[in-house]
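Asks: This one is my_file08.txt, compact mmCIF, C-alpha atoms and all ligand atoms.
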```
# COMPACT_ATOMS: atom_id res chain seq x y z
CA MET A 6 37.46 27.91 -25.26
CA SER A 7 38.48 29.06 -28.71
CA LYS A 8 37.36 32.52 -29.72
CA LYS A 9 36.73 31.22 -33.20
CA GLU A 10 34.16 28.63 -32.22
CA TRP A 11 30.77 29.28 -33.79
CA PRO A 12 28.04 30.07 -31.24
CA LEU A 13 25.73 27.35 -30.00
CA TRP A 14 22.06 27.38 -31.02
CA GLU A 15 19.16 25.53 -29.45
CA ILE A 16 16.91 23.92 -32.04
CA PHE A 17 13.13 23.65 -31.78
CA ILE A 18 11.09 21.71 -34.31
CA ARG A 19 7.39 21.52 -35.00
CA GLY A 20 6.89 17.87 -35.76
CA GLN A 21 3.49 18.19 -37.40
CA HIS A 22 1.01 20.90 -38.19
CA GLY A 23 -0.94 21.76 -35.07
CA LEU A 24 1.77 20.73 -32.58
CA ASN A 25 4.07 22.94 -30.53
CA HIS A 26 7.70 23.38 -31.45
CA ARG A 27 9.76 21.07 -29.28
CA HIS A 28 13.40 21.29 -28.23
CA VAL A 29 15.36 18.60 -30.08
CA GLY A 30 18.97 19.50 -29.39
CA SER A 31 21.61 22.04 -30.27
CA LEU A 32 24.28 22.77 -32.85
CA HIS A 33 26.97 25.28 -33.76
CA ALA A 34 26.51 27.75 -36.59
CA PRO A 35 27.94 31.16 -37.49
CA ASP A 36 24.53 32.86 -37.68
CA ALA A 37 20.80 32.19 -37.39
CA GLU A 38 20.33 31.51 -41.07
CA MET A 39 23.05 28.87 -41.12
CA ALA A 40 21.68 27.44 -37.89
CA VAL A 41 18.36 26.83 -39.66
CA ASN A 42 20.15 25.24 -42.62
CA ASN A 43 22.25 23.02 -40.38
CA ALA A 44 19.24 22.08 -38.27
CA ARG A 45 17.52 20.89 -41.43
CA ASP A 46 20.40 18.47 -42.06
CA VAL A 47 21.06 17.44 -38.48
CA TYR A 48 17.56 17.07 -37.10
CA THR A 49 15.11 16.50 -39.97
CA ARG A 50 16.73 13.95 -42.28
CA ARG A 51 13.58 11.83 -42.08
CA LYS A 52 10.89 14.46 -42.34
CA GLU A 53 10.77 14.96 -38.59
CA GLY A 54 9.47 18.48 -38.93
CA VAL A 55 7.48 21.12 -40.78
CA SER A 56 9.06 24.17 -39.12
CA ILE A 57 12.31 25.06 -37.34
CA TRP A 58 13.11 27.66 -34.68
CA VAL A 59 16.67 28.46 -33.67
CA VAL A 60 17.61 30.42 -30.55
CA LYS A 61 21.09 31.34 -29.43
CA SER A 62 21.81 29.26 -26.34
CA THR A 63 23.12 32.31 -24.51
CA ASP A 64 19.75 34.05 -25.03
CA ILE A 65 17.90 31.45 -23.00
CA THR A 66 17.22 32.13 -19.35
CA ALA A 67 16.61 28.97 -17.36
CA SER A 68 15.22 28.49 -13.88
CA ALA A 69 17.86 27.29 -11.45
CA PRO A 70 17.75 23.61 -10.47
CA SER A 71 17.72 24.76 -6.84
CA ALA A 72 14.51 26.71 -7.51
CA LYS A 73 12.64 23.50 -8.26
CA GLY A 74 11.08 23.29 -4.80
CA PRO A 75 9.88 26.89 -4.43
CA LEU A 76 8.63 27.00 -8.02
CA PHE A 77 6.82 23.72 -8.37
CA ASP A 78 6.04 22.31 -4.94
CA PRO A 79 3.15 24.70 -4.20
CA ALA A 80 1.08 23.04 -6.95
CA GLU A 81 1.32 19.72 -5.17
CA SER A 82 -1.33 20.55 -2.56
CA LYS A 83 -3.80 21.94 -5.06
CA VAL A 84 -5.30 18.66 -6.18
CA TYR A 85 -8.67 20.36 -6.68
CA ARG A 86 -7.25 21.78 -9.89
CA HIS A 87 -7.80 18.36 -11.43
CA PRO A 88 -11.29 17.28 -12.53
CA THR A 89 -10.91 13.89 -10.85
CA PHE A 90 -10.95 15.65 -7.46
CA PHE A 91 -14.73 16.00 -7.71
CA ASP A 92 -17.08 13.07 -7.32
CA ILE A 93 -20.02 13.57 -9.65
CA PRO A 94 -22.65 10.82 -9.52
CA ASP A 95 -22.96 8.69 -12.66
CA ASP A 96 -26.64 9.66 -12.84
CA VAL A 97 -25.62 13.17 -13.88
CA GLY A 98 -24.26 11.78 -17.12
CA HIS A 99 -21.10 12.74 -18.92
CA MET A 100 -19.39 15.84 -17.58
CA MET B 15 32.26 -0.41 -27.82
CA TYR B 16 32.15 2.99 -29.45
CA ALA B 17 33.53 4.03 -26.11
CA GLN B 18 36.13 1.44 -25.14
CA MET B 19 38.06 1.29 -21.89
CA VAL B 20 36.79 4.59 -20.61
CA LYS B 21 38.56 5.24 -17.35
CA SER B 22 36.09 6.00 -14.62
CA GLU B 23 36.83 7.50 -11.25
CA GLY B 24 37.29 5.16 -8.29
CA MET B 25 34.25 3.64 -6.64
CA LYS B 26 33.20 4.92 -3.23
CA SER B 27 31.26 2.99 -0.64
CA SER B 28 28.10 4.52 0.78
CA GLU B 29 29.96 5.47 4.00
CA GLU B 30 32.75 7.21 2.10
CA MET B 31 30.31 9.39 0.17
CA SER B 32 29.54 12.95 1.16
CA PRO B 33 25.85 13.68 1.84
CA GLU B 34 25.63 15.29 -1.60
CA GLU B 35 27.16 12.27 -3.28
CA ARG B 36 24.82 9.93 -1.45
CA ALA B 37 21.77 11.98 -2.44
CA PHE B 38 23.04 11.93 -6.03
CA GLN B 39 23.46 8.15 -6.00
CA ASP B 40 19.97 7.77 -4.49
CA ARG B 41 18.49 9.79 -7.34
CA ILE B 42 20.22 7.57 -9.87
CA ASP B 43 19.07 4.44 -8.06
CA ARG B 44 15.50 5.75 -8.23
CA GLY B 45 15.90 6.07 -12.00
CA GLU B 46 15.87 9.87 -12.09
CA LYS B 47 17.69 11.65 -14.91
CA VAL B 48 20.51 14.06 -14.19
CA GLU B 49 20.33 17.34 -16.14
CA PRO B 50 23.19 19.66 -17.14
CA LYS B 51 23.04 22.41 -14.53
CA GLU B 52 22.35 20.11 -11.58
CA TRP B 53 24.95 19.17 -9.02
CA MET B 54 26.98 16.09 -9.93
CA PRO B 55 30.17 14.54 -8.60
CA GLU B 56 33.25 15.73 -10.48
CA GLY B 57 34.10 12.12 -11.34
CA TYR B 58 30.69 11.56 -12.94
CA ARG B 59 31.17 14.67 -15.07
CA LYS B 60 34.71 13.78 -16.12
CA THR B 61 33.92 10.17 -16.92
CA LEU B 62 30.94 11.22 -19.00
CA ILE B 63 32.99 13.74 -20.98
CA ARG B 64 35.50 11.00 -21.76
CA GLN B 65 32.82 8.50 -22.68
CA ILE B 66 30.49 10.73 -24.71
CA GLY B 67 33.49 12.40 -26.36
CA GLN B 68 34.95 9.07 -27.39
CA HIS B 69 31.57 7.97 -28.65
CA ALA B 70 31.22 11.16 -30.72
CA HIS B 71 34.72 10.78 -32.16
CA SER B 72 33.86 7.21 -33.17
CA GLU B 73 30.80 8.37 -35.10
CA ILE B 74 32.86 10.99 -36.93
CA VAL B 75 35.91 8.84 -37.70
CA GLY B 76 33.51 5.99 -38.45
CA GLN B 77 32.44 7.84 -41.59
CA LEU B 78 35.83 7.28 -43.19
CA PRO B 79 35.86 3.52 -43.84
CA GLU B 80 32.45 3.73 -45.52
CA GLY B 81 33.14 7.06 -47.18
CA ASN B 82 35.86 5.14 -48.98
CA TRP B 83 33.22 3.38 -51.10
CA ILE B 84 30.68 6.10 -51.83
CA THR B 85 32.17 6.99 -55.20
CA ARG B 86 32.52 3.32 -56.12
CA ALA B 87 29.13 1.97 -55.08
CA PRO B 88 27.86 -0.53 -57.66
CA THR B 89 24.59 1.29 -58.42
CA LEU B 90 23.20 4.79 -58.02
CA GLU B 91 20.70 3.49 -55.46
CA ARG B 92 23.43 1.82 -53.39
CA LYS B 93 25.39 5.05 -53.55
CA ALA B 94 22.44 7.12 -52.31
CA ILE B 95 21.84 4.63 -49.47
CA LEU B 96 25.47 4.60 -48.39
CA LEU B 97 25.62 8.37 -48.55
CA ALA B 98 22.52 8.60 -46.33
CA LYS B 99 24.04 6.12 -43.87
CA VAL B 100 27.31 8.02 -43.64
CA GLN B 101 25.42 11.30 -43.26
CA ASP B 102 23.54 9.77 -40.34
CA GLU B 103 26.87 8.99 -38.66
CA ALA B 104 27.86 12.65 -38.99
CA GLY B 105 24.56 13.51 -37.31
CA HIS B 106 25.27 11.00 -34.52
CA GLY B 107 28.61 12.65 -33.91
CA LEU B 108 26.93 16.06 -33.70
CA TYR B 109 24.21 14.91 -31.28
CA LEU B 110 26.90 13.46 -29.03
CA TYR B 111 29.26 16.44 -29.18
CA SER B 112 26.39 18.68 -28.07
CA ALA B 113 25.60 16.29 -25.24
CA ALA B 114 29.24 16.39 -24.12
CA GLU B 115 29.28 20.19 -24.31
CA THR B 116 26.48 20.41 -21.74
CA LEU B 117 29.09 19.10 -19.27
CA GLY B 118 31.27 22.16 -19.73
CA VAL B 119 33.74 21.11 -22.42
CA SER B 120 33.91 23.03 -25.69
CA ARG B 121 33.58 21.52 -29.16
CA ASP B 122 36.98 22.82 -30.21
CA GLU B 123 38.58 21.29 -27.14
CA LEU B 124 37.09 17.90 -27.97
CA LEU B 125 38.25 18.12 -31.58
CA GLU B 126 41.72 19.23 -30.56
CA LYS B 127 41.96 16.19 -28.31
CA LEU B 128 40.88 13.90 -31.12
CA HIS B 129 43.42 15.41 -33.50
CA SER B 130 46.25 15.27 -30.98
CA GLY B 131 45.47 11.67 -30.07
CA ALA B 132 44.69 12.60 -26.46
CA MET B 133 41.19 11.17 -26.92
CA LYS B 134 40.44 7.88 -28.66
CA TYR B 135 37.78 6.54 -30.97
CA SER B 136 36.67 2.94 -31.42
CA SER B 137 39.36 0.49 -32.51
CA ILE B 138 37.11 -0.87 -35.26
CA PHE B 139 37.58 2.14 -37.51
CA ASN B 140 41.28 1.47 -37.82
CA TYR B 141 40.64 -1.46 -40.12
CA PRO B 142 40.53 -0.97 -43.90
CA THR B 143 37.49 -1.49 -46.12
CA LEU B 144 38.95 -3.38 -49.05
CA THR B 145 35.93 -4.46 -51.09
CA TRP B 146 32.30 -3.53 -51.60
CA ALA B 147 31.35 -6.53 -49.44
CA ASP B 148 32.95 -4.69 -46.54
CA MET B 149 30.10 -2.17 -46.74
CA GLY B 150 27.82 -5.10 -46.02
CA ALA B 151 29.96 -6.46 -43.19
CA VAL B 152 30.37 -3.03 -41.58
CA GLY B 153 26.65 -2.26 -41.57
CA TRP B 154 25.73 -5.73 -40.40
CA LEU B 155 28.46 -6.33 -37.80
CA VAL B 156 29.80 -2.93 -36.77
CA ASP B 157 26.48 -1.14 -36.58
CA GLY B 158 25.03 -4.35 -35.16
CA ALA B 159 27.57 -4.32 -32.34
CA ALA B 160 26.99 -0.61 -31.80
CA ILE B 161 23.25 -1.23 -31.44
CA MET B 162 23.90 -3.83 -28.71
CA ASN B 163 25.58 -1.15 -26.66
CA GLN B 164 23.44 1.82 -27.59
CA VAL B 165 20.01 0.34 -26.93
CA PRO B 166 20.59 -0.05 -23.17
CA LEU B 167 22.31 3.35 -23.06
CA GLN B 168 18.99 4.98 -23.92
CA ARG B 169 18.26 4.46 -20.22
CA THR B 170 21.50 6.07 -19.05
CA SER B 171 21.25 8.49 -16.13
CA TYR B 172 22.50 11.61 -17.90
CA GLY B 173 19.55 13.28 -19.66
CA PRO B 174 21.30 14.77 -22.73
CA TYR B 175 23.21 11.51 -23.34
CA SER B 176 20.07 9.45 -23.02
CA ARG B 177 18.17 11.68 -25.44
CA ALA B 178 21.03 11.54 -27.96
CA MET B 179 21.00 7.75 -27.69
CA ILE B 180 17.26 7.60 -28.33
CA ARG B 181 17.70 9.60 -31.53
CA ILE B 182 20.64 7.49 -32.61
CA CYS B 183 18.92 4.17 -31.97
CA LYS B 184 16.00 5.22 -34.16
CA GLU B 185 18.43 5.54 -37.05
CA GLU B 186 20.76 2.59 -36.44
CA SER B 187 18.41 -0.13 -37.46
CA PHE B 188 18.42 1.19 -41.04
CA HIS B 189 22.23 0.98 -40.92
CA GLN B 190 22.32 -2.63 -39.89
CA ARG B 191 19.61 -3.70 -42.30
CA GLN B 192 21.17 -2.00 -45.32
CA GLY B 193 24.42 -3.81 -44.45
CA TYR B 194 22.71 -7.15 -44.12
CA ALA B 195 20.86 -6.53 -47.39
CA ILE B 196 24.24 -6.06 -49.13
CA MET B 197 25.47 -9.31 -47.55
CA MET B 198 22.35 -11.19 -48.73
CA LYS B 199 22.83 -9.93 -52.26
CA MET B 200 26.50 -10.92 -52.33
CA ALA B 201 26.04 -14.25 -50.56
CA ARG B 202 23.46 -15.23 -53.15
CA GLY B 203 25.40 -13.84 -56.08
CA THR B 204 28.13 -15.44 -58.16
CA PRO B 205 30.66 -17.71 -56.42
CA GLU B 206 33.14 -14.82 -56.55
CA GLN B 207 30.66 -12.49 -54.86
CA LYS B 208 29.91 -15.05 -52.19
CA GLU B 209 33.62 -15.41 -51.61
CA MET B 210 33.93 -11.65 -51.17
CA ALA B 211 31.14 -11.74 -48.58
CA GLN B 212 32.90 -14.57 -46.73
CA ASP B 213 36.20 -12.71 -46.88
CA ALA B 214 34.58 -9.59 -45.42
CA LEU B 215 33.08 -11.64 -42.58
CA ASN B 216 36.47 -13.27 -41.98
CA ARG B 217 38.19 -9.91 -41.63
CA PHE B 218 35.52 -8.13 -39.58
CA TRP B 219 34.40 -10.86 -37.15
CA PHE B 220 37.12 -10.53 -34.53
CA PRO B 221 37.52 -6.75 -34.81
CA ALA B 222 33.73 -6.54 -34.25
CA LEU B 223 34.07 -8.66 -31.08
CA MET B 224 36.83 -6.30 -29.91
CA MET B 225 34.43 -3.37 -30.09
CA PHE B 226 32.99 -4.42 -26.73
CA GLY B 227 36.42 -4.11 -25.10
CA PRO B 228 38.25 -6.67 -22.97
CA SER B 229 36.47 -8.40 -20.12
CA ASP B 230 35.66 -5.91 -17.40
CA LYS B 231 33.77 -8.05 -14.94
CA ASP B 232 36.37 -7.37 -12.24
CA SER B 233 37.09 -3.75 -13.13
CA VAL B 234 36.44 -1.09 -10.47
CA HIS B 235 36.09 1.54 -13.19
CA SER B 236 33.26 -0.38 -14.77
CA ALA B 237 31.64 -0.97 -11.38
CA GLN B 238 31.56 2.80 -10.75
CA SER B 239 30.24 3.53 -14.23
CA MET B 240 27.53 0.92 -13.76
CA ALA B 241 26.54 2.37 -10.39
CA TRP B 242 26.22 5.74 -12.08
CA LYS B 243 24.25 4.15 -14.92
CA ILE B 244 26.53 5.45 -17.61
CA LYS B 245 27.42 1.88 -18.44
CA MET B 246 24.52 -0.55 -18.41
CA ASN B 247 26.08 -3.98 -19.07
CA THR B 248 29.46 -5.61 -18.76
CA ASN B 249 31.51 -5.97 -21.93
CA ASP B 250 31.23 -9.75 -21.75
CA GLU B 251 27.44 -9.66 -21.49
CA LEU B 252 27.14 -7.52 -24.59
CA ARG B 253 29.68 -9.55 -26.55
CA GLN B 254 27.80 -12.76 -25.75
CA LYS B 255 24.52 -11.21 -26.78
CA PHE B 256 26.07 -10.05 -30.05
CA VAL B 257 27.46 -13.51 -30.84
CA ASP B 258 24.15 -15.20 -29.98
CA GLU B 259 22.25 -12.89 -32.31
CA THR B 260 24.76 -12.79 -35.13
CA VAL B 261 25.62 -16.46 -35.62
CA PRO B 262 22.14 -17.43 -36.88
CA GLN B 263 22.25 -14.43 -39.22
CA ALA B 264 25.54 -15.70 -40.67
CA GLU B 265 24.03 -19.16 -41.07
CA TYR B 266 21.09 -17.68 -42.94
CA LEU B 267 23.56 -16.12 -45.36
CA GLY B 268 25.28 -19.47 -45.81
CA LEU B 269 28.52 -17.96 -44.53
CA THR B 270 30.90 -19.41 -41.96
CA VAL B 271 31.90 -17.52 -38.85
CA PRO B 272 35.72 -17.72 -38.80
CA ASP B 273 35.91 -19.44 -35.41
CA GLU B 274 36.45 -23.21 -35.26
CA THR B 275 35.61 -23.30 -31.58
CA LEU B 276 32.19 -21.69 -32.10
CA LYS B 277 29.57 -24.06 -30.70
CA TRP B 278 26.10 -23.83 -29.17
CA ASN B 279 26.28 -24.63 -25.48
CA ASP B 280 22.97 -26.12 -24.41
CA LYS B 281 23.73 -25.87 -20.73
CA ARG B 282 24.52 -22.16 -20.85
CA GLY B 283 21.94 -21.41 -23.48
CA HIS B 284 24.59 -19.42 -25.34
CA TYR B 285 27.26 -19.92 -27.98
CA ASP B 286 30.78 -20.69 -26.82
CA PHE B 287 33.23 -18.72 -28.91
CA ALA B 288 36.88 -17.73 -29.18
CA GLU B 289 38.08 -14.45 -27.72
CA PRO B 290 39.66 -12.03 -30.15
CA ASP B 291 43.40 -11.42 -30.03
CA TRP B 292 43.63 -8.85 -27.25
CA GLN B 293 47.26 -8.18 -28.03
CA GLU B 294 46.16 -6.94 -31.42
CA PHE B 295 43.43 -4.86 -29.77
CA PHE B 296 45.89 -3.08 -27.48
CA GLU B 297 48.19 -2.38 -30.40
CA VAL B 298 45.33 -0.81 -32.36
CA ILE B 299 44.32 1.27 -29.33
CA LYS B 300 47.92 2.43 -28.99
CA GLY B 301 47.85 3.71 -32.55
CA ASN B 302 49.45 0.80 -34.36
CA GLY B 303 46.45 -0.57 -36.24
CA PRO B 304 46.43 -0.83 -40.03
CA CYS B 305 44.73 2.55 -40.59
CA ASN B 306 45.25 4.66 -37.44
CA GLN B 307 47.59 7.07 -39.16
CA GLU B 308 45.42 7.37 -42.25
CA ARG B 309 42.26 8.05 -40.20
CA LEU B 310 43.81 10.73 -38.02
CA ASP B 311 45.50 12.35 -41.00
CA ALA B 312 42.15 12.49 -42.81
CA ARG B 313 40.46 14.12 -39.82
CA ARG B 314 43.25 16.65 -39.30
CA ARG B 315 43.33 17.49 -43.00
CA ALA B 316 39.56 18.01 -43.06
CA TRP B 317 39.85 20.34 -40.05
CA ASP B 318 42.81 22.32 -41.37
CA GLU B 319 41.57 22.60 -44.92
CA GLY B 320 38.12 23.65 -43.67
CA ALA B 321 39.53 26.54 -41.63
CA TRP B 322 39.11 29.14 -44.41
CA PHE B 323 35.48 28.10 -44.76
CA ARG B 324 34.71 28.33 -41.05
CA ASP B 325 36.47 31.70 -40.87
CA GLY B 326 34.67 32.92 -43.98
CA LEU B 327 31.26 32.14 -42.57
CA THR B 328 32.19 33.81 -39.29
CA ALA B 329 33.33 36.93 -41.13
CA TYR B 330 30.15 36.98 -43.20
CA ALA B 331 27.99 36.61 -40.08
CA GLY B 332 29.85 39.54 -38.48
CA LYS B 333 29.43 41.75 -41.53
CA ALA B 334 25.76 40.88 -41.95
CA ALA B 335 25.10 41.69 -38.29
CA ALA B 336 26.89 45.02 -38.65
CA ARG B 337 24.88 45.80 -41.79
CA ARG B 338 21.62 45.02 -40.02
CA ALA B 339 22.62 47.23 -37.08
CA GLY B 340 23.53 50.02 -39.50
CA ALA B 341 20.24 49.67 -41.39
CA SER B 342 18.17 49.87 -38.21
CA VAL B 343 20.07 52.98 -37.07
CA ALA B 344 19.47 54.60 -40.47
CA ALA B 345 15.76 53.81 -40.27
CA GLU B 346 15.32 55.55 -36.93
FE FE C 401 26.10 5.91 -35.49
FE FE C 402 27.86 3.76 -36.17
FE FE C 403 25.36 3.49 -37.61
```
What is this file in structure tokens?
Ligand SMILES: [Fe+2]
Ligand SMILES: [Fe+2]
Ligand SMILES: [Fe+2]

Replies:
Amino acid sequence: MSKKEWPLWEIFIRGQHGLNHRHVGSLHAPDAEMAVNNARDVYTRRKEGVSIWVVKSTDITASAPSAKGPLFDPAESKVYRHPTFFDIPDDVGHM
Amino acid sequence: MYAQMVKSEGMKSSEEMSPEERAFQDRIDRGEKVEPKEWMPEGYRKTLIRQIGQHAHSEIVGQLPEGNWITRAPTLERKAILLAKVQDEAGHGLYLYSAAETLGVSRDELLEKLHSGAMKYSSIFNYPTLTWADMGAVGWLVDGAAIMNQVPLQRTSYGPYSRAMIRICKEESFHQRQGYAIMMKMARGTPEQKEMAQDALNRFWFPALMMFGPSDKDSVHSAQSMAWKIKMNTNDELRQKFVDETVPQAEYLGLTVPDETLKWNDKRGHYDFAEPDWQEFFEVIKGNGPCNQERLDARRRAWDEGAWFRDGLTAYAGKAAARRAGASVAAE
């Protein structure tokens, strides 16, 4: 890899007021300010957003794909965390 | 297509696969998406880098034939529209380069390979755009052909590629429609304008058919790519679909598709049509098309002449970071 290559930034965009920022992709830029400017041109040419976050890709820590089982499988058996687990008679009314 | 004749790795039978490879193929068969850090066969990774890279290069080089007319657009509105269209193509290139980079190749490496000719871009962009009507024909036919290929690729197995395709497809329909709108205007204009529209169709019809690449129904490379869901249809399927959709659009314009053998085949439920000149196609791929040299020169020049700018921004970013570090030390 070339030493001169600009760092990679992950781009997050809030699509509308009230929504979370969502990851939309990445781009190269020399610094955070330019990353925001470039993200404006690359990811919001059609008013796709009202706010932009940029994070250096190397600053993101991700869970390992191999950790998928240990991390997420335990939730599988806890169906009672969902409201539909409980049968409430219709007579009770809306709940 | 935008990625033509991408060499895939050889196809393995289920018995020849390692347990890992079999589990990988099962995931793909179930319709699961593969994400960057997950295990994947080396061949899958390499083929994808070639394919996504070639696709990205096509978007970038594809700006040149249309860029040729931005300063000469007939009205300010047409100019703004063409500029927006070409800017979209730059965006498409960037989405795709980032997708390729998730596979472990660097941006600079991809660009170096484009500039050295080690990686290709679509043959279509080696044809000249001689008149304003070509802006119509390119949007209508070239983006139209690209859409044929890109719509199914939204379902491709590699997550970042699929997401890039979804973004791109949202924008492509504007490209095709603005092209067709130019064709409508010209085809209904003066006899000279109609003639220009016909001339543009005459020159772009067969090169557009070539975009899908030669028949690959017997190719092992394509079979592997299809098993991996990085290619969703055969080249012939897509070409037929393109012809079936485009011929009525040409008729609506009152223009004639430059193929005397073109005929609706009731039995097949498709148009019969003439194959493009594959000899010409291979020559263009080899670098001997009408504009290969010009296109590559333009890309290399843009890269070389932009070096001072890239370096300048890097230097500024370094200095600004040092200044911030200094300021925070002083404040303590
Ligand atoms: Fe595009
Ligand atoms: Fe395109
Ligand atoms: Fe396009």

Asks: Can I get the residues close to ligand FE 403 (chain C) as a PyMOL selection string, where close means within 9 Å and we count all atoms listed in the file?

Replies: chain B and resi 73+76+99-100+102-103+106+153+156-158+160-161+182-183+185-190

Asks: Please report the interatomic distance between atom CA of B:Leu78 and atom CA of B:Trp322 in Å with one decimal.

Replies: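 The value is 22.1 Å.
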
Asks: Taking only C-alpha atoms into account, what are the residues of chain A at most 12 Å from chain B, put as number ranges by chain?

Replies: A: 6-16, 28-40, 43-51, 53, 62, 67-73

Asks: Would you write out those residues with C-alpha atoms, as a PDB file, in the coordinates of the input?

Replies:
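Everything below was put into part_14.pdb:
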```pdb
ATOM      1  CA  MET A   6      37.460  27.910 -25.260  1.00  0.00           C
ATOM      2  CA  SER A   7      38.480  29.060 -28.710  1.00  0.00           C
ATOM      3  CA  LYS A   8      37.360  32.520 -29.720  1.00  0.00           C
ATOM      4  CA  LYS A   9      36.730  31.220 -33.200  1.00  0.00           C
ATOM      5  CA  GLU A  10      34.160  28.630 -32.220  1.00  0.00           C
ATOM      6  CA  TRP A  11      30.770  29.280 -33.790  1.00  0.00           C
ATOM      7  CA  PRO A  12      28.040  30.070 -31.240  1.00  0.00           C
ATOM      8  CA  LEU A  13      25.730  27.350 -30.000  1.00  0.00           C
ATOM      9  CA  TRP A  14      22.060  27.380 -31.020  1.00  0.00           C
ATOM     10  CA  GLU A  15      19.160  25.530 -29.450  1.00  0.00           C
ATOM     11  CA  ILE A  16      16.910  23.920 -32.040  1.00  0.00           C
ATOM     12  CA  HIS A  28      13.400  21.290 -28.230  1.00  0.00           C
ATOM     13  CA  VAL A  29      15.360  18.600 -30.080  1.00  0.00           C
ATOM     14  CA  GLY A  30      18.970  19.500 -29.390  1.00  0.00           C
ATOM     15  CA  SER A  31      21.610  22.040 -30.270  1.00  0.00           C
ATOM     16  CA  LEU A  32      24.280  22.770 -32.850  1.00  0.00           C
ATOM     17  CA  HIS A  33      26.970  25.280 -33.760  1.00  0.00           C
ATOM     18  CA  ALA A  34      26.510  27.750 -36.590  1.00  0.00           C
ATOM     19  CA  PRO A  35      27.940  31.160 -37.490  1.00  0.00           C
ATOM     20  CA  ASP A  36      24.530  32.860 -37.680  1.00  0.00           C
ATOM     21  CA  ALA A  37      20.800  32.190 -37.390  1.00  0.00           C
ATOM     22  CA  GLU A  38      20.330  31.510 -41.070  1.00  0.00           C
ATOM     23  CA  MET A  39      23.050  28.870 -41.120  1.00  0.00           C
ATOM     24  CA  ALA A  40      21.680  27.440 -37.890  1.00  0.00           C
ATOM     25  CA  ASN A  43      22.250  23.020 -40.380  1.00  0.00           C
ATOM     26  CA  ALA A  44      19.240  22.080 -38.270  1.00  0.00           C
ATOM     27  CA  ARG A  45      17.520  20.890 -41.430  1.00  0.00           C
ATOM     28  CA  ASP A  46      20.400  18.470 -42.060  1.00  0.00           C
ATOM     29  CA  VAL A  47      21.060  17.440 -38.480  1.00  0.00           C
ATOM     30  CA  TYR A  48      17.560  17.070 -37.100  1.00  0.00           C
ATOM     31  CA  THR A  49      15.110  16.500 -39.970  1.00  0.00           C
ATOM     32  CA  ARG A  50      16.730  13.950 -42.280  1.00  0.00           C
ATOM     33  CA  ARG A  51      13.580  11.830 -42.080  1.00  0.00           C
ATOM     34  CA  GLU A  53      10.770  14.960 -38.590  1.00  0.00           C
ATOM     35  CA  SER A  62      21.810  29.260 -26.340  1.00  0.00           C
ATOM     36  CA  ALA A  67      16.610  28.970 -17.360  1.00  0.00           C
ATOM     37  CA  SER A  68      15.220  28.490 -13.880  1.00  0.00           C
ATOM     38  CA  ALA A  69      17.860  27.290 -11.450  1.00  0.00           C
ATOM     39  CA  PRO A  70      17.750  23.610 -10.470  1.00  0.00           C
ATOM     40  CA  SER A  71      17.720  24.760  -6.840  1.00  0.00           C
ATOM     41  CA  ALA A  72      14.510  26.710  -7.510  1.00  0.00           C
ATOM     42  CA  LYS A  73      12.640  23.500  -8.260  1.00  0.00           C
TER      43      LYS A  73
END
```

Asks: Would you pick out the contacts of B:Ala316 at 12 Å or less, using all atoms listed in the file, so that residues sharing its chain but fewer than 6 positions from it are not included, and give the list as a PyMOL selection string?

Replies: chain B and resi 74-75+78+125+129+309-310+322-324

Asks: Closest to B:Arg86 among B:Ser233, B:Thr204, B:Thr145, B:Ser342, using only C-alpha atoms?

Replies: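 Checking each of B:Ser233, B:Thr204, B:Thr145, B:Ser342 against B:Arg86, counting only C-alpha atoms, the winner is B:Thr145.
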
Asks: Tell me, as a list in words, which residues lie within 10 Å of A:Gly20, counting only C-alpha atoms; anything in the same chain fewer than 5 positions away does not count.

Replies: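 The contact residues come out as Asn25, His26, Arg27, Thr49, Lys52, Glu53, Gly54, Val55, Ser56 and Ile57 of chain A.
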
Asks: What would the list of residues within 10 Å of (22.2, -11.4, -47.4) (file frame) look like as a list in words, if only C-alpha atoms are what count?

Replies: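 The residues near that point, listed by chain and number, are Gly150, Trp154, Arg191, Gln192, Gly193, Tyr194, Ala195, Ile196, Met197, Met198, Lys199, Met200, Ala201, Arg202, Gly203, Lys208, Ala211, Gln263, Ala264, Tyr266, Leu267, Gly268 and Leu269 of chain B.
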
Asks: I'd like to know which of B:Ser236, B:Gln77, B:Ser171, B:Gln293 is closest to ligand FE 401 (chain C), using all atoms listed in the file.

Replies: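 Closest residue, counting all atoms listed in the file: B:Gln77.
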
Asks: Please report the interatomic distance between atom CA of B:Asp148 and atom CA of B:Arg253 in Å with one decimal.

Replies: 20.8 Å

Asks: Please identify all polymer residues within 12 Å of B:Gly131, counting all atoms listed in the file, omitting same-chain residues fewer than 2 positions from it, and present them as a PyMOL selection string.

Replies: chain B and resi 68+71+124-129+133-135+299-301+306-307+309-311+313-314

Asks: With distances taken over only C-alpha atoms and all ligand atoms, which residue among B:Gln207, B:Ser229, B:Ser72, B:Asn140 lies nearest ligand FE 402 (chain C)?

Replies: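 Nearest to ligand FE 402 (chain C): B:Ser72.
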
Asks: I'd like the interatomic distance between atom CA of A:Phe17 and atom CA of A:Ile65, to a tenth of an Å.

Replies: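 Value for the atom CA of A:Phe17-atom CA of A:Ile65 distance: 12.7 Å.
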
Asks: Given the choices B:Pro304, B:Thr275, B:Ala336, B:His69, which gets closest to ligand FE 401 (chain C) if the distance is worked out from only C-alpha atoms and all ligand atoms?

Replies: B:His69

Asks: In terms of the shortest atom-to-atom distance over all atoms listed in the file, which of B:Arg337, B:Arg92, B:Lys281, B:Lys184 is closest to ligand FE 401 (chain C)?

Replies: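 The closest residue to ligand FE 401 (chain C) is B:Lys184.
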